Structures are given as C-alpha cells and as structure tokens.
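*Asks:* Got a structure for you, written out below as structure tokens; questions coming shortly.
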Amino acid sequence: MTVVIGCGAGFSGDRTDAAGPLVEALLGYDAPRALMFESLGERTLAAAQLRRFQNPDSGDEPLLEAFLAPILGDCLARDGSGRQCLSRR
C-alpha cells in the first residue's frame, strides 16, 4: 500500500505558506495521505521551554494557527473523510 506524506514545516519559525501547495498535491492522490509540521524538533525545544516559563498556557508552537488556518478548510471540505489531525503534543 502507498502512503503519501508531505511536510509543511521543518522547524519552529519556518515558512507558513509552504503547506498550501502540498495540500493541493496531496489531495490529488487516491491513497492515504498525511501532512506533518515538524515544528517541535530538538533545535526548538529550548525556545519553547523559555516561552512556557513566561506563559504556561502558551503551548509549544506559536505559529500553529498560522500553519493550519490557510489549509484546514481545504483539508476538511475536499477530503471529507473525517481524518484526524495528529500532533506530537
């Protein structure tokens, strides 16, 4: 079985516009698809911890909404499968 995976971000602070073209490409496949945002790698854990010390409710990725807002509607409307969004946290 083929699974198609795209990566919309490689680190915290990465471009927030990269996922749009990936969603278009992923929706063209007739196979299980996934889009990931690798924004909580080892390189960014220290910065995330400092943000959480300042505001414990801030979460780990300050750009999460900016990553997801432009693509979430297309993913839900055009895929229609009820797939879940997965996260490391």
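Lettering and numbering for the structure tokens are positional, with chains as A, B, ... in the shown order, residues counted from 1 in each chain, and ligands counted from 1 in the shown order.
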Could you give me, as a PyMOL selection string, each residue of segment 5-87 of chain A that DSSP assigns to alpha helix (DSSP H) when run on this structure's backbone?
*Replies:* chain A and resi 19-27+42-54+64-74
*Asks:* Do you know which residues are at most 8 Å from segment 8-17 of chain A counting only C-alpha atoms, after dropping those on the same chain fewer than 6 positions away, and could you put them as a ChimeraX atom specification?
*Replies:* /A:35-41,43-44,61,63,66-67
*Asks:* Enumerate as a list in words all residues of chain A assigned to strand (DSSP E or B) by DSSP on the backbone, naming them with the chain letters and numbers the document uses.
*Replies:* Val4, Ile5, Gly6, Cys7, Gly8, Ala9, Arg33, Ala34, Leu35, Met36 and Phe37 of chain A
*Asks:* Check the smallest atom-to-atom distance from each of A:Gly20, A:Gly6, A:Pro56, A:Pro32 to Ala69 of chain A using only C-alpha atoms, then report the winner.
*Replies:* A:Gly20
*Asks:* Rounded to one decimal, what separation in Å do you get between atom CA of Cys7 of chain A and atom CA of Leu45 of chain A?
*Replies:* 19.0 Å
*Asks:* What does the distance between atom CA of Ala34 of chain A and atom CA of Cys75 of chain A come to in Å, to one decimal place?
*Replies:*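 So the answer is 10.3 Å.
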*Asks:* May I have the residues within 12 Å of Thr2 of chain A as JSON, numbers by chain, using only C-alpha atoms and disregarding those fewer than 3 positions away in the same chain?
*Replies:* {"A": [5, 29, 30, 31, 32, 33, 34]}
